[in-house]
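So this block is work.cif, mmCIF, C-alpha atoms:
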data_data
#
loop_
_atom_site.label_atom_id
_atom_site.label_comp_id
_atom_site.auth_asym_id
_atom_site.auth_seq_id
_atom_site.Cartn_x
_atom_site.Cartn_y
_atom_site.Cartn_z
CA MET A 1 -28.91 24.53 95.04
CA ALA A 2 -31.62 26.75 93.65
CA SER A 3 -29.62 29.80 92.65
CA THR A 4 -29.13 29.68 88.90
CA GLY A 5 -31.14 29.32 85.71
CA LYS A 6 -32.94 32.63 85.26
CA ARG A 7 -30.83 33.94 88.11
CA THR A 8 -31.88 37.55 88.41
CA GLY A 9 -32.69 37.90 92.09
CA ARG A 10 -35.93 39.58 91.01
CA ARG A 11 -39.19 39.02 89.26
CA ALA A 12 -39.89 40.85 86.02
CA GLY A 13 -40.42 44.56 86.61
CA ARG A 14 -39.38 44.40 90.28
CA GLU A 15 -36.18 45.67 91.84
CA PRO A 16 -34.31 43.39 94.25
CA VAL A 17 -33.82 44.29 97.88
CA ALA A 18 -30.91 46.74 98.15
CA GLY A 19 -28.64 45.54 100.96
CA PRO A 20 -29.76 43.98 104.24
CA PRO A 21 -33.48 44.29 104.97
CA CYS A 22 -34.75 46.62 107.67
CA PRO A 23 -34.49 44.78 111.00
CA ALA A 24 -37.46 43.85 113.12
CA GLN A 25 -38.26 46.12 116.06
CA ILE A 26 -35.55 44.39 118.13
CA ASP A 27 -32.13 43.49 116.76
CA PRO A 28 -30.78 40.68 118.97
CA LEU A 29 -27.32 41.10 117.46
CA ALA A 30 -27.10 44.90 117.75
CA ALA A 31 -24.31 44.84 120.33
CA LEU A 32 -22.25 42.46 118.20
CA ARG A 33 -22.41 44.14 114.82
CA GLY A 34 -19.29 45.67 113.29
CA PRO A 35 -18.27 47.21 109.96
CA ASP A 36 -16.58 44.02 108.72
CA ASP A 37 -19.48 41.71 109.49
CA PRO A 38 -21.20 39.68 106.76
CA ALA A 39 -24.18 41.37 105.14
CA TRP A 40 -26.38 38.48 106.21
CA ASP A 41 -26.95 36.80 109.54
CA VAL A 42 -28.43 33.58 108.13
CA TYR A 43 -28.41 31.93 104.73
CA LEU A 44 -30.63 29.02 103.73
CA THR A 45 -31.82 27.24 100.64
CA GLY A 46 -34.58 24.80 99.77
CA ALA A 47 -37.99 24.44 98.16
CA VAL A 48 -40.71 27.08 98.57
CA PHE A 49 -44.31 25.83 98.50
CA LEU A 50 -47.56 27.72 98.44
CA ASP A 51 -49.27 26.55 101.64
CA ILE A 52 -53.05 26.58 101.91
CA VAL A 53 -54.15 25.72 105.44
CA PHE A 54 -57.66 24.81 106.60
CA THR A 55 -58.43 24.94 110.33
CA GLY A 56 -61.48 24.60 112.52
CA LEU A 57 -62.19 21.06 111.38
CA ASP A 58 -63.86 18.93 114.04
CA CYS A 59 -62.56 15.71 112.51
CA ALA A 60 -60.82 14.34 109.46
CA PRO A 61 -62.71 14.72 106.16
CA VAL A 62 -64.96 11.74 105.44
CA ARG A 63 -64.97 10.12 102.02
CA GLY A 64 -67.95 11.07 99.90
CA THR A 65 -68.87 14.15 101.97
CA GLU A 66 -68.13 17.87 101.85
CA THR A 67 -66.47 19.39 104.91
CA TRP A 68 -66.44 23.10 105.65
CA ALA A 69 -63.52 24.64 107.57
CA ARG A 70 -64.04 27.56 109.96
CA GLY A 71 -60.64 29.05 109.13
CA MET A 72 -58.26 29.30 106.19
CA GLY A 73 -54.90 30.88 105.48
CA SER A 74 -52.42 30.98 102.62
CA SER A 75 -48.72 31.74 102.83
CA PRO A 76 -45.31 30.72 101.50
CA GLY A 77 -44.31 27.38 102.97
CA GLY A 78 -41.49 24.86 102.82
CA VAL A 79 -38.14 26.56 103.47
CA ALA A 80 -40.06 29.86 103.64
CA ASN A 81 -41.31 28.84 107.10
CA MET A 82 -37.75 28.92 108.46
CA ALA A 83 -36.77 32.06 106.53
CA THR A 84 -39.80 33.94 107.84
CA ALA A 85 -39.23 32.82 111.42
CA LEU A 86 -35.62 34.03 111.29
CA ALA A 87 -36.53 37.39 109.75
CA ARG A 88 -39.26 38.09 112.29
CA LEU A 89 -36.75 37.55 115.09
CA GLY A 90 -34.60 40.32 113.63
CA LEU A 91 -31.99 38.28 111.75
CA ARG A 92 -30.92 39.50 108.33
CA THR A 93 -31.94 36.53 106.23
CA SER A 94 -30.95 35.51 102.69
CA LEU A 95 -32.80 32.75 100.83
CA ALA A 96 -31.86 30.86 97.67
CA ALA A 97 -34.87 29.10 96.16
CA ALA A 98 -36.61 28.39 92.89
CA PHE A 99 -39.95 30.14 92.35
CA GLY A 100 -42.61 29.15 89.87
CA ASP A 101 -43.34 31.44 86.95
CA ASP A 102 -47.01 31.70 87.92
CA HIS A 103 -49.27 33.77 90.19
CA TYR A 104 -48.53 31.48 93.11
CA GLY A 105 -44.79 32.06 92.68
CA GLU A 106 -45.26 35.81 92.38
CA TYR A 107 -47.39 35.83 95.53
CA CYS A 108 -44.76 33.88 97.50
CA TRP A 109 -41.91 36.06 96.20
CA ASP A 110 -43.68 39.29 97.16
CA ALA A 111 -44.76 37.96 100.57
CA LEU A 112 -41.16 37.07 101.43
CA GLU A 113 -39.29 39.99 99.88
CA GLN A 114 -41.71 42.85 100.42
CA GLY A 115 -43.64 41.51 103.40
CA GLU A 116 -40.81 39.99 105.45
CA GLY A 117 -37.71 41.82 104.20
CA ILE A 118 -35.96 38.58 103.15
CA ASP A 119 -33.14 38.88 100.62
CA LEU A 120 -33.99 36.89 97.49
CA SER A 121 -31.04 37.97 95.35
CA PRO A 122 -29.70 34.35 95.24
CA SER A 123 -33.14 33.08 94.17
CA ARG A 124 -34.47 32.54 90.68
CA THR A 125 -37.67 32.31 88.72
CA VAL A 126 -38.01 29.19 86.56
CA PRO A 127 -39.87 29.95 83.30
CA GLY A 128 -42.82 27.66 82.65
CA TRP A 129 -42.54 25.88 86.01
CA HIS A 130 -45.53 25.89 88.34
CA SER A 131 -45.16 26.39 92.08
CA PRO A 132 -45.38 23.37 94.38
CA VAL A 133 -48.55 23.49 96.49
CA THR A 134 -49.43 21.94 99.86
CA VAL A 135 -52.94 21.83 101.30
CA SER A 136 -52.90 21.25 105.06
CA MET A 137 -55.89 20.34 107.21
CA ALA A 138 -55.50 20.88 110.96
CA TYR A 139 -57.71 19.00 113.41
CA GLU A 140 -57.39 17.33 116.83
CA GLY A 141 -53.99 18.95 117.38
CA GLU A 142 -52.50 17.31 114.29
CA ARG A 143 -52.44 17.95 110.57
CA THR A 144 -52.90 16.06 107.32
CA MET A 145 -51.22 17.34 104.18
CA VAL A 146 -51.59 16.81 100.45
CA SER A 147 -48.85 18.19 98.19
CA HIS A 148 -48.25 18.46 94.46
CA GLY A 149 -45.27 19.71 92.49
CA HIS A 150 -42.59 18.95 89.92
CA GLU A 151 -38.81 19.12 90.23
CA PRO A 152 -37.40 22.37 88.81
CA PRO A 153 -34.87 22.05 85.96
CA PRO A 154 -31.32 21.08 87.05
CA GLU A 155 -29.22 23.96 88.32
CA GLU A 156 -25.92 25.14 86.87
CA PRO A 157 -22.86 25.68 89.10
CA ALA A 158 -23.00 28.95 91.02
CA PRO A 159 -19.50 29.87 92.23
CA ASP A 160 -20.73 33.09 93.84
CA CYS A 161 -23.06 31.21 96.17
CA PRO A 162 -23.59 30.88 99.03
CA PRO A 163 -23.16 34.46 100.21
CA ARG A 164 -21.05 35.15 103.28
CA ALA A 165 -23.21 34.87 106.39
CA ARG A 166 -22.82 34.40 110.13
CA ALA A 167 -24.84 31.17 110.02
CA ALA A 168 -26.67 28.83 107.70
CA VAL A 169 -29.45 26.35 108.32
CA ALA A 170 -29.04 23.10 106.41
CA SER A 171 -31.37 20.14 106.06
CA LEU A 172 -29.16 17.05 105.99
CA THR A 173 -30.08 14.28 103.55
CA PRO A 174 -29.01 10.68 104.29
CA GLY A 175 -26.54 9.39 101.71
CA ARG A 176 -26.15 12.72 99.96
CA SER A 177 -23.85 15.74 100.33
CA ALA A 178 -24.75 19.33 99.48
CA PRO A 179 -21.60 21.10 98.22
CA TRP A 180 -22.78 24.52 99.41
CA ILE A 181 -22.57 23.38 103.05
CA ALA A 182 -18.82 22.74 102.84
CA GLN A 183 -18.35 26.00 100.90
CA ALA A 184 -20.19 27.97 103.57
CA ALA A 185 -18.29 26.29 106.42
CA ARG A 186 -14.96 27.16 104.77
CA LYS A 187 -16.05 30.82 104.75
CA GLY A 188 -16.55 30.69 108.51
CA THR A 189 -20.32 30.29 108.42
CA ARG A 190 -21.72 28.43 111.44
CA ILE A 191 -23.86 25.53 110.18
CA PHE A 192 -27.01 24.47 112.05
CA GLY A 193 -28.28 21.15 110.75
CA ASP A 194 -31.62 19.42 111.03
CA VAL A 195 -32.80 16.19 109.46
CA GLY A 196 -35.97 14.51 108.32
CA TRP A 197 -37.23 10.96 108.63
CA ASP A 198 -34.97 8.41 106.93
CA ASP A 199 -37.29 6.73 104.45
CA THR A 200 -34.58 4.20 103.57
CA GLY A 201 -34.75 2.77 107.08
CA ALA A 202 -30.93 2.62 107.31
CA TRP A 203 -30.53 5.24 110.05
CA ASP A 204 -26.79 5.24 109.42
CA LEU A 205 -25.11 8.22 111.06
CA ALA A 206 -22.17 7.86 108.67
CA GLY A 207 -24.63 8.56 105.85
CA LEU A 208 -25.11 12.12 107.10
CA HIS A 209 -21.97 13.26 105.27
CA ASP A 210 -22.42 16.97 106.00
CA LEU A 211 -22.80 16.50 109.75
CA ARG A 212 -19.03 17.04 110.07
CA TYR A 213 -19.48 20.67 109.00
CA CYS A 214 -22.21 21.39 111.55
CA GLU A 215 -21.77 23.35 114.74
CA ALA A 216 -25.17 22.21 115.96
CA PHE A 217 -27.52 19.34 115.12
CA LEU A 218 -31.22 19.46 116.03
CA PRO A 219 -33.07 16.15 115.49
CA ASN A 220 -36.24 15.09 117.27
CA ALA A 221 -36.17 12.33 119.88
CA ALA A 222 -37.22 9.51 117.54
CA GLU A 223 -34.63 10.48 114.94
CA ALA A 224 -31.86 10.89 117.53
CA MET A 225 -32.49 7.49 119.12
CA ARG A 226 -32.67 5.67 115.78
CA TYR A 227 -29.42 7.23 114.55
CA THR A 228 -27.58 6.30 117.75
CA GLY A 229 -29.30 3.02 118.67
CA THR A 230 -29.97 4.34 122.19
CA ASP A 231 -33.06 3.93 124.38
CA THR A 232 -33.51 7.48 125.71
CA PRO A 233 -33.33 10.96 124.16
CA ARG A 234 -30.67 12.04 126.67
CA ALA A 235 -28.45 9.09 125.87
CA ALA A 236 -28.92 9.85 122.18
CA ALA A 237 -27.93 13.48 122.69
CA HIS A 238 -24.69 12.53 124.43
CA ALA A 239 -23.91 9.93 121.77
CA LEU A 240 -24.43 12.49 119.00
CA ALA A 241 -22.22 14.99 120.85
CA GLU A 242 -19.28 12.76 119.93
CA HIS A 243 -19.87 13.81 116.31
CA VAL A 244 -21.00 17.44 116.53
CA PRO A 245 -20.24 20.18 119.11
CA VAL A 246 -23.82 21.07 120.06
CA VAL A 247 -26.78 18.69 120.03
CA VAL A 248 -30.40 19.63 120.69
CA VAL A 249 -32.98 16.85 120.90
CA THR A 250 -36.58 18.05 120.76
CA LEU A 251 -39.03 16.09 122.91
CA GLY A 252 -42.41 17.39 121.74
CA ALA A 253 -44.69 18.07 124.69
CA ASP A 254 -41.79 17.29 127.06
CA GLY A 255 -39.64 20.19 125.85
CA ALA A 256 -36.02 19.74 124.73
CA TYR A 257 -32.62 18.57 125.95
CA ALA A 258 -29.26 19.95 124.79
CA VAL A 259 -25.56 19.17 125.18
CA ASP A 260 -22.65 21.48 124.39
CA ARG A 261 -19.52 19.32 124.16
CA ARG A 262 -17.18 22.32 124.07
CA THR A 263 -18.30 23.84 127.36
CA GLY A 264 -19.63 20.72 129.08
CA GLU A 265 -23.03 22.40 129.49
CA THR A 266 -26.27 20.46 129.42
CA ALA A 267 -29.74 21.94 129.57
CA SER A 268 -33.27 20.61 129.88
CA VAL A 269 -36.22 22.94 129.41
CA PRO A 270 -39.87 21.80 129.67
CA ALA A 271 -42.38 22.74 127.03
CA ILE A 272 -44.73 25.68 127.62
CA GLU A 273 -48.33 24.54 127.95
CA VAL A 274 -50.48 26.22 125.31
CA GLU A 275 -53.69 25.48 123.48
CA ALA A 276 -52.33 24.17 120.18
CA LEU A 277 -54.26 25.06 117.03
CA ASP A 278 -51.84 23.93 114.32
CA PRO A 279 -48.31 22.47 114.71
CA THR A 280 -47.30 23.29 111.11
CA GLY A 281 -43.85 24.89 111.05
CA ALA A 282 -43.26 24.64 114.81
CA GLY A 283 -40.00 22.74 114.27
CA ASP A 284 -38.74 25.45 111.92
CA VAL A 285 -39.62 28.16 114.44
CA PHE A 286 -37.79 26.22 117.17
CA VAL A 287 -34.62 26.07 115.07
CA ALA A 288 -34.92 29.79 114.25
CA GLY A 289 -35.17 30.63 117.95
CA PHE A 290 -32.13 28.49 118.77
CA VAL A 291 -30.08 30.04 115.96
CA THR A 292 -31.02 33.53 117.19
CA GLY A 293 -29.86 32.81 120.73
CA SER A 294 -26.69 31.11 119.49
CA LEU A 295 -25.65 34.04 117.31
CA ALA A 296 -26.41 36.41 120.19
CA GLY A 297 -24.10 34.39 122.46
CA TRP A 298 -26.69 33.40 125.08
CA PRO A 299 -26.15 30.54 127.55
CA LEU A 300 -27.32 27.13 126.36
CA ALA A 301 -30.37 27.00 128.67
CA ASP A 302 -31.54 30.45 127.51
CA ARG A 303 -31.20 29.45 123.88
CA LEU A 304 -33.23 26.31 124.54
CA ALA A 305 -35.92 28.17 126.48
CA PHE A 306 -36.23 30.85 123.80
CA ALA A 307 -36.53 28.26 121.03
CA GLY A 308 -39.25 26.45 122.96
CA LEU A 309 -41.10 29.69 123.61
CA THR A 310 -41.14 30.75 119.97
CA ALA A 311 -42.35 27.29 118.93
CA ALA A 312 -45.10 27.35 121.59
CA LEU A 313 -46.30 30.76 120.41
CA SER A 314 -46.41 29.50 116.82
CA VAL A 315 -48.70 26.52 117.45
CA GLN A 316 -51.38 28.83 118.85
CA GLU A 317 -51.92 30.20 115.33
CA PHE A 318 -52.46 28.34 112.09
CA GLY A 319 -50.06 27.94 109.21
CA GLY A 320 -46.29 27.71 108.96
CA SER A 321 -44.87 31.12 108.08
CA LEU A 322 -48.21 32.69 109.02
CA SER A 323 -47.74 31.69 112.67
CA ALA A 324 -44.04 32.52 113.17
CA PRO A 325 -43.89 34.98 116.08
CA GLY A 326 -42.08 38.31 116.13
CA TRP A 327 -40.87 40.37 119.06
CA ALA A 328 -44.29 41.93 119.59
CA GLU A 329 -45.77 38.51 120.32
CA ILE A 330 -42.82 37.56 122.54
CA ALA A 331 -43.10 40.82 124.49
CA GLY A 332 -46.86 40.36 124.86
CA TRP A 333 -46.41 36.83 126.24
CA TRP A 334 -43.73 37.95 128.70
CA ARG A 335 -45.90 40.74 130.10
CA ARG A 336 -48.95 38.49 130.30
CA VAL A 337 -47.27 35.66 132.25
CA GLN A 338 -45.81 38.12 134.74
CA SER A 339 -49.30 39.39 135.53
CA VAL A 340 -50.81 35.94 136.18
CA GLU A 341 -51.61 35.47 139.86
CA GLY A 342 -49.92 32.51 141.50
CA GLN A 343 -47.32 32.22 138.75
CA GLU A 344 -44.48 29.88 139.74
CA PRO A 345 -41.45 32.13 140.51
CA SER A 346 -38.93 29.58 139.21
CA ALA A 347 -40.76 29.45 135.87
CA LEU A 348 -40.56 33.23 135.57
CA ARG A 349 -36.86 33.17 136.39
CA ARG A 350 -36.28 30.66 133.58
CA TYR A 351 -37.40 33.36 131.12
CA GLY A 352 -35.95 36.30 133.03
CA PHE A 353 -33.41 36.90 130.26
CA LEU A 354 -36.29 38.36 128.24
CA ALA A 355 -36.44 41.34 130.60
CA GLY A 356 -33.27 42.70 129.04
CA LEU A 357 -34.52 42.16 125.51
CA VAL A 358 -38.11 43.34 125.23
CA PRO A 359 -38.87 47.03 125.91
CA GLU A 360 -40.83 48.05 128.98
CA GLU A 361 -43.33 50.15 127.05
CA ALA A 362 -45.97 48.73 124.75
CA VAL A 363 -44.46 47.51 121.48
CA ARG A 364 -46.09 48.10 118.15
CA PRO A 365 -45.36 45.49 115.47
CA TRP A 366 -42.95 46.59 112.77
CA PRO A 367 -44.67 46.99 109.38
CA LEU A 368 -45.18 43.44 108.13
CA ARG A 369 -47.51 42.62 105.29
CA ARG A 370 -48.25 39.13 106.48
CA ALA A 371 -50.08 36.69 104.29
CA VAL A 372 -53.88 36.73 104.26
CA PRO A 373 -56.49 34.00 103.67
CA THR A 374 -56.38 34.44 99.89
CA ILE A 375 -53.78 34.49 97.15
CA GLY A 376 -53.87 38.29 97.05
CA PHE A 377 -56.38 41.08 96.85
CA ARG A 378 -56.59 43.34 93.85
CA ARG A 379 -55.33 46.84 94.63
CA SER A 380 -57.83 49.67 94.36
CA ALA A 381 -57.31 52.06 91.51
#
Structure re-expressed in structure tokens:
Amino acid sequence: MASTGKRTGRRAGREPVAGPPCPAQIDPLAALRGPDDPAWDVYLTGAVFLDIVFTGLDCAPVRGTETWARGMGSSPGGVANMATALARLGLRTSLAAAFGDDHYGEYCWDALEQGEGIDLSPSRTVPGWHSPVTVSMAYEGERTMVSHGHEPPPEEPAPDCPPRARAAVASLTPGRSAPWIAQAARKGTRIFGDVGWDDTGAWDLAGLHDLRYCEAFLPNAAEAMRYTGTDTPRAAAHALAEHVPVVVVTLGADGAYAVDRRTGETASVPAIEVEALDPTGAGDVFVAGFVTGSLAGWPLADRLAFAGLTAALSVQEFGGSLSAPGWAEIAGWWRRVQSVEGQEPSALRRYGFLAGLVPEEAVRPWPLRRAVPTIGFRRSA
């Protein structure tokens, strides 16, 4: 895990965040907090990329021509998409990652620590290592990406990591275990696992060694069916529930389906119809929404609906961490849909739990220095 090497929790000349970051304008766990709670709500680790996103393309670039994009954004990407989504939903988030010793790395560090209030004390700067970069082009509701980067130097053991947290988000790798997952689970941390496409083609559920530590597993429909050898996402969800207490299978434009083996609950929530600009990071935002509702103790259907809502709001903007919604966006959506004439009453009731969360009066965003369409402006003297 990326938490050693030059393990200072800071960049040269910069002080680390002192204690938990200031919460977003709504703290979904306020009623649950006590003096003996962990300092952090969620811990995660992974690779941070500099994302450069081009939007407003009418079609894919054509070989031998120059294509101009109508929009552009830059922001921390990779695991930073998930960390940002969690922080903007009011969860105290701690991230362990390696950062390049270059301007890109400094930009990503500052955007996460100063702009989003994410704890980077378990993170490190790797001398002489350049930041991984992804260029994403969004068109026709999809995206094409080109990435470049080098592996950071091997890490040394870090017995003081991971920090104690209510939850952790882990990306499971077929055929490989991550020791920090077992360490975190032994400390009482609730593990939420996702998974990527199995490039080996084995799709062997036994190869997901760390699944046994997970409280929840959130694959997409194709992944779930391949791992279980089933023909439908629902059948896959129930088959996976034999291995993990809570299973959420995302269905793209058809929403999501979930099973909680412990309570016997099942839930199916349709997707919210929106005009999608860029799907980058939508899966990360979905997981962040589900983790938020789970830590807050909401019913399964509410957790699923909230996760789908946050993901739907994110695809209306471009970029990964750039598009992650906060409570201001959620409150704005809730007020807007209630004012639409002819709105289906049952649809409003599905999201009625928001009425007790978002304030009645207009909400001003908490001070976030979100990323801008450049690597950083020079400050005026």
Separation of CA of Asp102 (chain A) and CA of Phe49 (chain A), in Å?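 Those two atoms sit 12.4 Å apart.
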Spatial neighbours of Val133 (chain A), max dist 6 Å, all atoms listed in the file, sep filter under 6 positions, as an MDAnalysis selection string: chainID A and resid 49:50 147:148
Running the PyMOL selection byres ((chain A and resi 287) around 12) on this model by hand, what would come out? Give it as a ChimeraX atom specification. /A:42,81-86,89,168-171,191-195,216-220,247-250,256,281-286,288-294,303-311,324
Could you please take those selected residues and save C-alpha atoms as a CSV table (one decimal), keeping the file's coordinate frame?
chain,number,residue,atom,x,y,z
A,42,VAL,CA,-28.4,33.6,108.1
A,81,ASN,CA,-41.3,28.8,107.1
A,82,MET,CA,-37.8,28.9,108.5
A,83,ALA,CA,-36.8,32.1,106.5
A,84,THR,CA,-39.8,33.9,107.8
A,85,ALA,CA,-39.2,32.8,111.4
A,86,LEU,CA,-35.6,34.0,111.3
A,89,LEU,CA,-36.8,37.6,115.1
A,168,ALA,CA,-26.7,28.8,107.7
A,169,VAL,CA,-29.4,26.4,108.3
A,170,ALA,CA,-29.0,23.1,106.4
A,171,SER,CA,-31.4,20.1,106.1
A,191,ILE,CA,-23.9,25.5,110.2
A,192,PHE,CA,-27.0,24.5,112.0
A,193,GLY,CA,-28.3,21.2,110.8
A,194,ASP,CA,-31.6,19.4,111.0
A,195,VAL,CA,-32.8,16.2,109.5
A,216,ALA,CA,-25.2,22.2,116.0
A,217,PHE,CA,-27.5,19.3,115.1
A,218,LEU,CA,-31.2,19.5,116.0
A,219,PRO,CA,-33.1,16.2,115.5
A,220,ASN,CA,-36.2,15.1,117.3
A,247,VAL,CA,-26.8,18.7,120.0
A,248,VAL,CA,-30.4,19.6,120.7
A,249,VAL,CA,-33.0,16.8,120.9
A,250,THR,CA,-36.6,18.0,120.8
A,256,ALA,CA,-36.0,19.7,124.7
A,281,GLY,CA,-43.8,24.9,111.0
A,282,ALA,CA,-43.3,24.6,114.8
A,283,GLY,CA,-40.0,22.7,114.3
A,284,ASP,CA,-38.7,25.4,111.9
A,285,VAL,CA,-39.6,28.2,114.4
A,286,PHE,CA,-37.8,26.2,117.2
A,288,ALA,CA,-34.9,29.8,114.2
A,289,GLY,CA,-35.2,30.6,118.0
A,290,PHE,CA,-32.1,28.5,118.8
A,291,VAL,CA,-30.1,30.0,116.0
A,292,THR,CA,-31.0,33.5,117.2
A,293,GLY,CA,-29.9,32.8,120.7
A,294,SER,CA,-26.7,31.1,119.5
A,303,ARG,CA,-31.2,29.4,123.9
A,304,LEU,CA,-33.2,26.3,124.5
A,305,ALA,CA,-35.9,28.2,126.5
A,306,PHE,CA,-36.2,30.8,123.8
A,307,ALA,CA,-36.5,28.3,121.0
A,308,GLY,CA,-39.2,26.4,123.0
A,309,LEU,CA,-41.1,29.7,123.6
A,310,THR,CA,-41.1,30.8,120.0
A,311,ALA,CA,-42.4,27.3,118.9
A,324,ALA,CA,-44.0,32.5,113.2
In Å to one decimal, how far is CA of Leu205 (chain A) from CA of Lys187 (chain A)?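 Result for CA of Lys187 (chain A) versus CA of Leu205 (chain A): 25.2 Å, one decimal.
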Pull out every residue that the PyMOL selection byres ((chain A and resi 94) around 6) matches in the shown coordinates and put them as a ChimeraX atom specification. /A:43,93,95,118-119
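Between CA of Ala296 (chain A) and CA of Ala31 (chain A) lies a distance of 8.7 Å.
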Using all atoms listed in the file, pick whichever of A:His150, A:Arg143, A:Arg166, A:Arg336 has the shortest atom-to-atom distance to Gly188 (chain A).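 Using all atoms listed in the file, Gly188 (chain A) sits closest to A:Arg166.
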Hits from the PyMOL selection byres ((chain A and resi 236-246) around 7), listed as an NGL selection string: :A and (212 or 214-217 or 224-225 or 228 or 230 or 232-235 or 247-249 or 258-262)
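Take the candidates A:Arg164, A:Pro127, A:Gly78, A:Thr65 and check each one against Asp36 (chain A) using only C-alpha atoms; the shortest distance goes to A:Arg164.
For region 174-186 of chain A, the list of residues within 7 Å, based on only C-alpha atoms and with local chain neighbours fewer than 2 positions off taken out, reads Pro162, Leu172, Gly188, Thr189, Arg190, Ile191, Asp198, Gly207, Leu208, His209, Asp210 and Tyr213 of chain A.
Distances here use only C-alpha atoms; by that measure, the residue among A:Phe54, A:Ser75, A:Arg88, A:Ala97 closest to Pro325 (chain A) is A:Arg88.
Nearest to Asp37 (chain A) of all the residues A:Val126, A:Ala138, A:Met72, A:Ala165 is A:Ala165, based on all atoms listed in the file.
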Can you spit out region 117-134 of chain A with N, CA and C atoms, as a compact mmCIF listing (two decimals), in the first residue's frame, from the structure just given?
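Result written to out-v5.txt:
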# COMPACT_ATOMS: atom_id res chain seq x y z
N GLY A 117 -10.49 18.83 1.85
CA GLY A 117 -10.40 18.48 3.27
C GLY A 117 -10.12 17.01 3.51
N ILE A 118 -9.44 16.34 2.58
CA ILE A 118 -9.12 14.92 2.72
C ILE A 118 -7.80 14.77 3.47
N ASP A 119 -7.77 13.86 4.43
CA ASP A 119 -6.56 13.59 5.21
C ASP A 119 -5.56 12.83 4.35
N LEU A 120 -4.37 13.39 4.18
CA LEU A 120 -3.32 12.73 3.40
C LEU A 120 -2.14 12.33 4.28
N SER A 121 -2.33 12.27 5.58
CA SER A 121 -1.21 11.92 6.46
C SER A 121 -0.65 10.52 6.19
N PRO A 122 -1.46 9.54 5.68
CA PRO A 122 -0.85 8.25 5.33
C PRO A 122 -0.20 8.25 3.96
N SER A 123 -0.28 9.35 3.22
CA SER A 123 0.25 9.40 1.86
C SER A 123 1.71 9.78 1.84
N ARG A 124 2.32 9.69 0.69
CA ARG A 124 3.74 9.99 0.57
C ARG A 124 4.05 10.61 -0.78
N THR A 125 5.13 11.35 -0.81
CA THR A 125 5.66 11.88 -2.06
C THR A 125 6.88 11.04 -2.45
N VAL A 126 6.92 10.59 -3.70
CA VAL A 126 8.02 9.74 -4.17
C VAL A 126 9.01 10.60 -4.95
N PRO A 127 10.21 10.82 -4.42
CA PRO A 127 11.19 11.67 -5.10
C PRO A 127 11.54 11.14 -6.48
N GLY A 128 11.52 12.05 -7.46
CA GLY A 128 11.94 11.69 -8.81
C GLY A 128 10.93 10.89 -9.61
N TRP A 129 9.74 10.70 -9.07
CA TRP A 129 8.71 9.91 -9.76
C TRP A 129 7.66 10.85 -10.32
N HIS A 130 7.32 10.68 -11.60
CA HIS A 130 6.33 11.59 -12.19
C HIS A 130 4.92 11.03 -12.03
N SER A 131 3.97 11.91 -11.94
CA SER A 131 2.58 11.53 -11.70
C SER A 131 1.99 10.80 -12.90
N PRO A 132 1.22 9.75 -12.66
CA PRO A 132 0.47 9.14 -13.77
C PRO A 132 -0.56 10.12 -14.32
N VAL A 133 -0.79 10.08 -15.60
CA VAL A 133 -1.69 11.02 -16.27
C VAL A 133 -2.68 10.24 -17.14
N THR A 134 -3.95 10.67 -17.10
CA THR A 134 -4.97 10.12 -18.00
C THR A 134 -5.62 11.27 -18.75
